[in-house]
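Novice: One file is attached below, start.cif, containing mmCIF, C-alpha atoms, pLDDT in the B column; chains and numbers go by the auth columns.
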```cif
data_my_file
#
loop_
_atom_site.group_PDB
_atom_site.id
_atom_site.type_symbol
_atom_site.label_atom_id
_atom_site.label_comp_id
_atom_site.label_asym_id
_atom_site.label_seq_id
_atom_site.Cartn_x
_atom_site.Cartn_y
_atom_site.Cartn_z
_atom_site.B_iso_or_equiv
_atom_site.auth_seq_id
_atom_site.auth_asym_id
ATOM 1 C CA MET A 1 121.497 49.877 157.832 61.00 1 A
ATOM 2 C CA ALA A 2 122.228 48.903 154.240 66.00 2 A
ATOM 3 C CA ILE A 3 123.412 51.446 151.713 70.00 3 A
ATOM 4 C CA THR A 4 122.529 50.856 148.099 71.00 4 A
ATOM 5 C CA VAL A 5 124.831 52.300 145.502 73.00 5 A
ATOM 6 C CA ARG A 6 123.664 52.642 141.923 71.00 6 A
ATOM 7 C CA ILE A 7 126.220 53.130 139.204 70.00 7 A
ATOM 8 C CA VAL A 8 125.021 54.446 135.860 60.00 8 A
ATOM 9 C CA TYR A 9 127.264 54.155 132.839 59.00 9 A
ATOM 10 C CA ILE A 10 126.820 56.904 130.278 56.00 10 A
ATOM 11 C CA GLU A 11 128.225 56.050 126.908 56.00 11 A
ATOM 12 C CA PRO A 12 130.250 58.711 125.118 53.00 12 A
ATOM 13 C CA MET A 13 128.404 60.462 122.306 53.00 13 A
ATOM 14 C CA SER A 14 128.802 58.596 119.047 52.00 14 A
ATOM 15 C CA GLU A 15 129.228 60.196 115.652 46.00 15 A
ATOM 16 C CA GLU A 16 125.521 59.700 114.830 52.00 16 A
ATOM 17 C CA GLN A 17 124.468 61.385 118.089 70.00 17 A
ATOM 18 C CA ALA A 18 126.320 64.599 117.287 90.00 18 A
ATOM 19 C CA VAL A 19 124.232 67.437 115.887 95.00 19 A
ATOM 20 C CA SER A 20 125.517 68.645 112.532 95.00 20 A
ATOM 21 C CA LYS A 21 125.877 72.295 111.638 96.00 21 A
ATOM 22 C CA SER A 22 123.286 71.875 108.861 96.00 22 A
ATOM 23 C CA THR A 23 120.789 70.433 111.372 97.00 23 A
ATOM 24 C CA LYS A 24 121.337 73.327 113.767 97.00 24 A
ATOM 25 C CA THR A 25 121.035 75.847 110.927 97.00 25 A
ATOM 26 C CA ALA A 26 117.766 74.312 109.692 97.00 26 A
ATOM 27 C CA VAL A 27 116.237 74.277 113.188 98.00 27 A
ATOM 28 C CA GLU A 28 117.292 77.862 113.886 97.00 28 A
ATOM 29 C CA LYS A 29 115.845 79.038 110.551 97.00 29 A
ATOM 30 C CA VAL A 30 112.427 77.498 111.274 98.00 30 A
ATOM 31 C CA LEU A 31 112.466 78.939 114.799 98.00 31 A
ATOM 32 C CA ARG A 32 113.506 82.408 113.610 97.00 32 A
ATOM 33 C CA ASP A 33 110.857 82.421 110.857 96.00 33 A
ATOM 34 C CA ARG A 34 108.073 81.206 113.151 95.00 34 A
ATOM 35 C CA LEU A 35 109.015 82.837 116.453 95.00 35 A
ATOM 36 C CA GLY A 36 110.862 86.015 115.478 94.00 36 A
ATOM 37 C CA GLN A 37 107.840 88.192 116.252 90.00 37 A
ATOM 38 C CA ALA A 38 107.618 86.562 119.704 92.00 38 A
ATOM 39 C CA GLY A 39 111.132 87.652 120.668 94.00 39 A
ATOM 40 C CA PHE A 40 113.085 84.557 119.605 95.00 40 A
ATOM 41 C CA ALA A 41 116.581 85.065 120.988 96.00 41 A
ATOM 42 C CA GLY A 42 118.257 81.800 120.068 96.00 42 A
ATOM 43 C CA ALA A 43 118.211 78.090 120.721 97.00 43 A
ATOM 44 C CA ASP A 44 120.410 75.420 122.211 97.00 44 A
ATOM 45 C CA ILE A 45 120.175 72.227 120.173 97.00 45 A
ATOM 46 C CA ARG A 46 121.718 69.017 121.395 96.00 46 A
ATOM 47 C CA ALA A 47 121.427 65.271 121.011 96.00 47 A
ATOM 48 C CA ASP A 48 119.956 63.218 123.834 95.00 48 A
ATOM 49 C CA LEU A 49 117.938 60.081 124.515 95.00 49 A
ATOM 50 C CA ASP A 50 114.271 59.946 125.475 93.00 50 A
ATOM 51 C CA SER A 51 112.927 57.850 128.352 92.00 51 A
ATOM 52 C CA ASP A 52 112.853 54.774 126.095 93.00 52 A
ATOM 53 C CA GLY A 53 116.482 55.246 125.089 92.00 53 A
ATOM 54 C CA ASP A 54 115.656 56.491 121.586 94.00 54 A
ATOM 55 C CA PRO A 55 117.790 59.303 120.126 96.00 55 A
ATOM 56 C CA ILE A 56 116.133 62.749 120.100 96.00 56 A
ATOM 57 C CA LEU A 57 117.052 66.383 119.582 97.00 57 A
ATOM 58 C CA LEU A 58 116.520 68.651 122.573 97.00 58 A
ATOM 59 C CA VAL A 59 115.676 72.150 121.389 98.00 59 A
ATOM 60 C CA ASP A 60 115.717 74.774 124.146 98.00 60 A
ATOM 61 C CA VAL A 61 114.196 77.956 122.707 97.00 61 A
ATOM 62 C CA LYS A 62 115.039 81.262 124.422 97.00 62 A
ATOM 63 C CA TYR A 63 113.022 84.463 124.191 96.00 63 A
ATOM 64 C CA THR A 64 113.594 88.081 125.106 95.00 64 A
ATOM 65 C CA TYR A 65 111.023 89.787 127.326 95.00 65 A
ATOM 66 C CA SER A 66 108.259 91.762 125.651 91.00 66 A
ATOM 67 C CA ASP A 67 105.609 94.038 127.188 92.00 67 A
ATOM 68 C CA LYS A 68 103.178 92.647 124.624 91.00 68 A
ATOM 69 C CA PRO A 69 101.692 89.195 125.426 93.00 69 A
ATOM 70 C CA ILE A 70 102.962 86.432 123.142 91.00 70 A
ATOM 71 C CA ASN A 71 100.331 84.576 121.148 90.00 71 A
ATOM 72 C CA SER A 72 100.560 80.885 122.054 87.00 72 A
ATOM 73 C CA LYS A 73 99.272 79.963 118.573 90.00 73 A
ATOM 74 C CA LEU A 74 102.757 80.747 117.207 89.00 74 A
ATOM 75 C CA THR A 75 103.980 77.443 118.628 90.00 75 A
ATOM 76 C CA TYR A 76 101.101 75.351 117.219 92.00 76 A
ATOM 77 C CA GLY A 77 102.472 72.871 114.682 94.00 77 A
ATOM 78 C CA LEU A 78 106.059 73.908 115.342 97.00 78 A
ATOM 79 C CA SER A 79 107.330 70.359 115.904 96.00 79 A
ATOM 80 C CA THR A 80 105.734 69.242 112.612 97.00 80 A
ATOM 81 C CA GLU A 81 107.428 72.074 110.746 97.00 81 A
ATOM 82 C CA LEU A 82 110.760 71.233 112.384 98.00 82 A
ATOM 83 C CA ARG A 83 110.356 67.554 111.500 97.00 83 A
ATOM 84 C CA LYS A 84 109.754 68.443 107.834 97.00 84 A
ATOM 85 C CA ALA A 85 112.885 70.595 107.714 97.00 85 A
ATOM 86 C CA LEU A 86 114.917 67.917 109.489 97.00 86 A
ATOM 87 C CA GLY A 87 113.538 65.150 107.268 97.00 87 A
ATOM 88 C CA ALA A 88 114.720 67.062 104.184 97.00 88 A
ATOM 89 C CA LEU A 89 118.234 66.712 105.609 96.00 89 A
ATOM 90 C CA GLY A 90 117.831 63.013 106.411 96.00 90 A
ATOM 91 C CA GLU A 91 117.647 63.750 110.161 96.00 91 A
ATOM 92 C CA THR A 92 115.300 61.221 111.803 95.00 92 A
ATOM 93 C CA ARG A 93 115.560 62.239 115.465 97.00 93 A
ATOM 94 C CA PHE A 94 112.374 63.732 116.923 96.00 94 A
ATOM 95 C CA PRO A 95 112.768 67.343 118.134 97.00 95 A
ATOM 96 C CA HIS A 96 111.657 67.865 121.744 97.00 96 A
ATOM 97 C CA ILE A 97 111.024 71.589 122.105 97.00 97 A
ATOM 98 C CA ARG A 98 111.211 73.449 125.404 96.00 98 A
ATOM 99 C CA HIS A 99 110.314 77.146 125.519 95.00 99 A
ATOM 100 C CA HIS A 100 112.117 79.417 127.989 95.00 100 A
ATOM 101 C CA PHE A 101 110.333 82.722 128.552 94.00 101 A
ATOM 102 C CA ASP A 102 111.141 85.467 131.027 93.00 102 A
ATOM 103 C CA ALA A 103 109.311 84.810 134.309 93.00 103 A
ATOM 104 C CA GLN A 104 107.317 88.031 133.813 94.00 104 A
ATOM 105 C CA GLN A 105 106.323 87.301 130.210 94.00 105 A
ATOM 106 C CA LYS A 106 102.578 87.216 129.545 94.00 106 A
ATOM 107 C CA ILE A 107 101.211 84.615 127.149 90.00 107 A
ATOM 108 C CA ALA A 108 97.963 85.242 125.231 87.00 108 A
ATOM 109 C CA SER A 109 95.854 82.167 124.622 74.00 109 A
#
```
Take the structure in this file and express it as structure tokens.
Specialist:
Amino acid sequence: MAITVRIVYIEPMSEEQAVSKSTKTAVEKVLRDRLGQAGFAGADIRADLDSDGDPILLVDVKYTYSDKPINSKLTYGLSTELRKALGALGETRFPHIRHHFDAQQKIAS
């Protein structure tokens, strides 16, 4: 029986991979403006690489629970709006947005 061992080297985060305070502030402002009525509770924003090894921004959006269903149309065009705000800062990484709702939250289509 042969055992295969795979070793993956993860490079330390370089200066260009760090997420600046101005980038985080710009992302949070767009999210708050667009998603405030849906219970936006904050976001974790960090640098990462996509499956092709290209630098991206991971944006994990958190929401508080609401008895009222959230309109899914609030998220339409959100990545485009984020990209415009980021582009104004010279930030070229694509924002990958993940929404984290309460398990009981209802979403209106």
Novice: So what does the PyMOL selection byres ((chain A and resi 29) around 12) actually pick up in this one, as a ChimeraX atom specification?
Specialist: /A:22-28,30-36,40,42-43,81-82,85-86
Novice: Which is closest to Ala108 of chain A among A:Gly77, A:Gly53, A:Gly90, A:Pro69, if we use all atoms listed in the file?
Specialist: A:Pro69
Novice: Near segment 93-103 of chain A, within 6 Å and counting only C-alpha atoms, which residues show up once chain neighbours fewer than 6 positions away are dropped, as a list in words?
Specialist: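 Everything that qualifies: Pro55, Ile56, Leu57, Leu58, Val59, Asp60, Val61, Lys62, Tyr63 and Tyr65 of chain A.
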Novice: When you count only C-alpha atoms, which of these residues is closest to Lys21 of chain A: A:Gln105, A:Val5, A:Ile45, A:Thr92?
Specialist: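 Looking at the shortest contact to Lys21 of chain A, the residue is A:Ile45.
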Novice: Report, in Å to a single decimal, how far apart atom CA of Leu74 of chain A and atom CA of Ser20 of chain A are.
Specialist: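 Result for atom CA of Ser20 of chain A versus atom CA of Leu74 of chain A: 26.2 Å, one decimal.
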Novice: Using atom CA of Arg6 of chain A and atom CA of Ala47 of chain A as the two end points, give the distance in Å to one decimal.
Specialist: 24.5 Å
Novice: Can you tell me, as a VMD selection string, what residues are no more than 8 Å from Lys106 of chain A when counting all atoms listed in the file, ignoring any on the same chain fewer than 3 positions away?
Specialist: chain A and resid 67 to 70
Novice: Please produce a file of the residues just selected, as a JSON list (two decimals), keeping the file's coordinate frame, where the atoms kept are C-alpha atoms.
Specialist:
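Generated output (part.json):
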```
[["chain", "number", "residue", "atom", "x", "y", "z"],
["A", 67, "ASP", "CA", 105.61, 94.04, 127.19],
["A", 68, "LYS", "CA", 103.18, 92.65, 124.62],
["A", 69, "PRO", "CA", 101.69, 89.20, 125.43],
["A", 70, "ILE", "CA", 102.96, 86.43, 123.14]]
```
